[in-house]
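Reviewing the structure listed below.
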Amino acid sequence: MTSIYSPFNDGLGLVDPIYFVGRQDLFQIFSTNFLESISDHPKFFLISGQPLVGKSSFLRYFRYYVENNFNFLQCDCSFNNENINDIDYILEKLISELLHNLKRSYPWGDVPISYNTIIENLSNYILENNGINIKLKKSFLNEVKDNFAEFLYNFYNEIDQEGIYIEIDTFDLLEDIEDVSKFSQWVSTIIHDLKNKNLKFPIVFTFALPKHNTNQFLDSSSILKSEVVFGEVKRLSDEDVRKYLNDGFNRVNWEISEEIMDFLVDASSGHPSIMNEYGSDVFWQCRNSSQNHNSEEKRVKAVGDSPRNIVDSKEMVLDAICSDLDDRHFLNAIKLSDNEKINRTCCLILNKLSNLFKDNFDNDFYFKKETILELLNEDEILIFDNFWSRLLDQNIIKFYEKNEKYYFMGYPFLLQFKIWSRNYDEEKVKERISKHEFIDEFFLQQN
């Protein structure tokens, strides 16, 4: 049986580098500086941006560029907020990844001599080696922590590749990382040693940090400010989103009507992960719709004898991107009473919340309650306190004590507020919910 895949990476957050769009100004800065590393000038790059705005997709795209144009040994690792300052943990993971990628860098399963040589040199410090992850003695990690530049220099001299590319990404957990001081100090030490010990070789470090931690990282040391090439990832333009979605649907020979495309572009709001998810949702919904309805009911319509399909049903697209879980979550949030006028007023507040988030996202992921109040009319203010409590109870928003602001809990809710509230019809919502047999455990617990 042939497997069917969505042209949008099956809705996964990362954009496939083959179909990457936008960010070319940033890519030009990074690629130009990268070329200098080949001349034995170590390079350090920092990518910053709000959660889910595409930092990891850009890193993946840049890594793809390096992989396809240069013979660099690559090492890419992701860390969550809790262990970004655990340098021993980072070192162990980086060394494991470098050795693992070195081992599989040769075709047909041949193990390079350089791998065996390095493993032999480290044999007195290895506690466990399962071929992928390596456990190292604490004493060794403490020594390498203060001399990682020299460790990499010696590592490079053993391998056949023309350079080393190391990527350190951080998971977006919405909250800021409380403290990146140990991490920034460690990076400063690496740069300092490379310069002062005259360790000239093709080595490239690329880091990704949440926007709110960028200043703390760069301001911690003058050498970081002077040596790190910095770039900020912001939302994609509507033109980039439109191109990405059009290209994806064209790959499966589908045509999206202009009205539906405008709707999807507006709904995505420039966020790569949301763009990917919505594209994939519509793909599967359209495909299932075209297979499960007779010719009169098809919402994905064939054009003549051509296999090309036209997607032009807003109802079907709305059904695709408002999943069962979201419908239930929104309905629980807005139904303050049986009074339909009050519930529709809640929808208007949701719409203003989503627009506020969209307009300010690149600058600040967080918002103050007072900012919302300034946007409301008299009817909305009357019910606001009760509605605000409902949003907190439903975990749609969360209080962030650090700066007495709030943030939205999950990105499907961030911008679906706008879609859902503008198209709210309780009967249609209940009809959509009734179509789904699966009820998420979250709702079982809530009800």
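For the structure tokens, the naming scheme is as follows: chains receive sequential letters (A, B, ...) according to their order of presentation, residues are indexed from 1 within each chain, and ligands are indexed from 1 in presentation order.
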**Request:** Write down as a ChimeraX atom specification the residues of stretch 143-252 of chain A whose backbone DSSP state falls under alpha helix (DSSP H).
**Result:** /A:143-145,148-158,181-196,214-219,222-227,238-251
**Request:** For atom CA of A:Tyr115 and atom CA of A:Ile166, determine how far apart the two atoms are, in Å to one decimal place.
**Result:**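 Computed distance, atom CA of A:Tyr115 to atom CA of A:Ile166, equals 17.6 Å.
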**Asked** Hey, what's within 10 Å of A:Asn33 if we count only C-alpha atoms and toss same-chain stuff fewer than 6 positions away? As a list in words, please?
**Response**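 The neighbour list is Phe27, His41, Pro42, Lys43, Phe44, Phe45, Val204 and Val229 of chain A.
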**Request:** Between A:Phe387, A:Tyr244, A:Phe249, A:Phe263, single out the one closest to A:Met275, counting only C-alpha atoms.
**Result:** A:Tyr244
**Request:** Choose the residue, out of A:Asp146, A:Asp169, A:Glu374, A:Asp193, that has the smallest atom-to-atom separation from A:Ala208; count only C-alpha atoms.
**Result:**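 That would be A:Asp169, the residue with the smallest distance to A:Ala208.
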**Request:** Give me the residues within 8 Å of A:Lys93 as JSON, numbers by chain, counting only C-alpha atoms and dropping any in the same chain fewer than 3 places off.
**Result:** {"A": [77, 89, 90, 96, 97, 133, 134]}
**Request:** Excluding A:Gly54 and residues on its chain fewer than 2 positions from it, collect all residues at most 8 Å away from it, counting only C-alpha atoms, and give them as a VMD selection string.
**Result:** chain A and resid 14 49 51 to 52 56 to 58 233 to 235 271 to 273
**Shell of 9 Å around A:Phe201, only C-alpha atoms, local chain residues under 3 positions omitted, as a PyMOL selection string** = chain A and resi 37-42+153+156+162-164
Please extract the residues of stretch 151-279 of chain A with a backbone DSSP assignment of strand (DSSP E or B) and present them as a compact mmCIF listing (two decimals) with N, CA and C atoms, in the first residue's frame.
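Heads up, here's the output in states-v7.txt:
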# COMPACT_ATOMS: atom_id res chain seq x y z
N GLY A 163 35.45 21.01 8.40
CA GLY A 163 35.08 21.88 9.50
C GLY A 163 34.06 21.22 10.40
N ILE A 164 33.67 21.93 11.47
CA ILE A 164 32.69 21.44 12.44
C ILE A 164 31.59 22.49 12.59
N TYR A 165 30.34 22.03 12.52
CA TYR A 165 29.19 22.91 12.66
C TYR A 165 28.37 22.43 13.85
N ILE A 166 28.24 23.29 14.87
CA ILE A 166 27.51 22.93 16.08
C ILE A 166 26.30 23.85 16.23
N GLU A 167 25.15 23.24 16.44
CA GLU A 167 23.90 24.00 16.59
C GLU A 167 23.26 23.67 17.94
N ILE A 168 22.95 24.70 18.70
CA ILE A 168 22.30 24.53 20.00
C ILE A 168 20.98 25.29 19.98
N ASP A 169 19.89 24.55 20.04
CA ASP A 169 18.55 25.13 19.99
C ASP A 169 17.90 24.97 21.36
N THR A 170 16.95 25.84 21.68
CA THR A 170 16.22 25.74 22.93
C THR A 170 14.74 25.55 22.63
N ILE A 203 35.31 26.31 12.55
CA ILE A 203 34.33 25.91 13.56
C ILE A 203 33.21 26.95 13.59
N VAL A 204 31.98 26.47 13.58
CA VAL A 204 30.82 27.36 13.57
C VAL A 204 29.86 26.93 14.67
N PHE A 205 29.47 27.88 15.51
CA PHE A 205 28.44 27.66 16.52
C PHE A 205 27.20 28.47 16.13
N THR A 206 26.04 27.85 16.22
CA THR A 206 24.78 28.56 16.00
C THR A 206 23.86 28.29 17.17
N PHE A 207 23.36 29.35 17.78
CA PHE A 207 22.48 29.23 18.95
C PHE A 207 21.11 29.82 18.63
N ALA A 208 20.09 29.29 19.30
CA ALA A 208 18.75 29.88 19.23
C ALA A 208 18.24 30.08 20.64
N LEU A 209 17.81 31.30 20.93
CA LEU A 209 17.29 31.62 22.26
C LEU A 209 15.98 32.40 22.11
N PRO A 210 15.08 32.29 23.10
CA PRO A 210 13.88 33.13 23.09
C PRO A 210 14.27 34.61 23.10
N VAL A 228 29.56 37.73 18.20
CA VAL A 228 28.38 36.95 17.80
C VAL A 228 27.60 37.69 16.72
N VAL A 229 27.32 36.99 15.63
CA VAL A 229 26.47 37.53 14.56
C VAL A 229 25.02 37.28 14.96
N PHE A 230 24.27 38.35 15.12
CA PHE A 230 22.92 38.25 15.67
C PHE A 230 21.86 38.46 14.60
N GLY A 231 20.80 37.67 14.67
CA GLY A 231 19.67 37.85 13.76
C GLY A 231 18.37 37.52 14.47
N GLU A 232 17.34 38.32 14.20
CA GLU A 232 16.03 38.08 14.82
C GLU A 232 15.04 37.57 13.78
N TRP A 254 -3.54 20.47 -6.46
CA TRP A 254 -4.77 21.08 -5.96
C TRP A 254 -4.71 22.59 -6.19
N GLU A 255 -5.85 23.14 -6.44
CA GLU A 255 -5.96 24.59 -6.59
C GLU A 255 -6.86 25.14 -5.50
N ILE A 256 -6.36 26.13 -4.77
CA ILE A 256 -7.12 26.74 -3.69
C ILE A 256 -7.74 28.04 -4.21
**Item:** Atom pair atom CA of A:Asn343 / atom CA of A:Lys369: separation (Å)
**Value:**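 Interatomic distance here is 20.2 Å.
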**Complete:** Here atom CA of A:Asp76 and atom CA of A:Tyr61 stand apart by 12.5 Å
**Request:** Write out as an NGL selection string the residues lying within 7 Å of A:Tyr125, counting only C-alpha atoms and excluding same-chain residues fewer than 4 positions away.
**Result:** :A and (136-137 or 140)
**Asked** Nearest to A:Ile260: which of A:Asn142, A:Asn246, A:Asn116, A:Asn85 is it, counting only C-alpha atoms?
**Response**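 Looking at the shortest contact to A:Ile260, the residue is A:Asn246.
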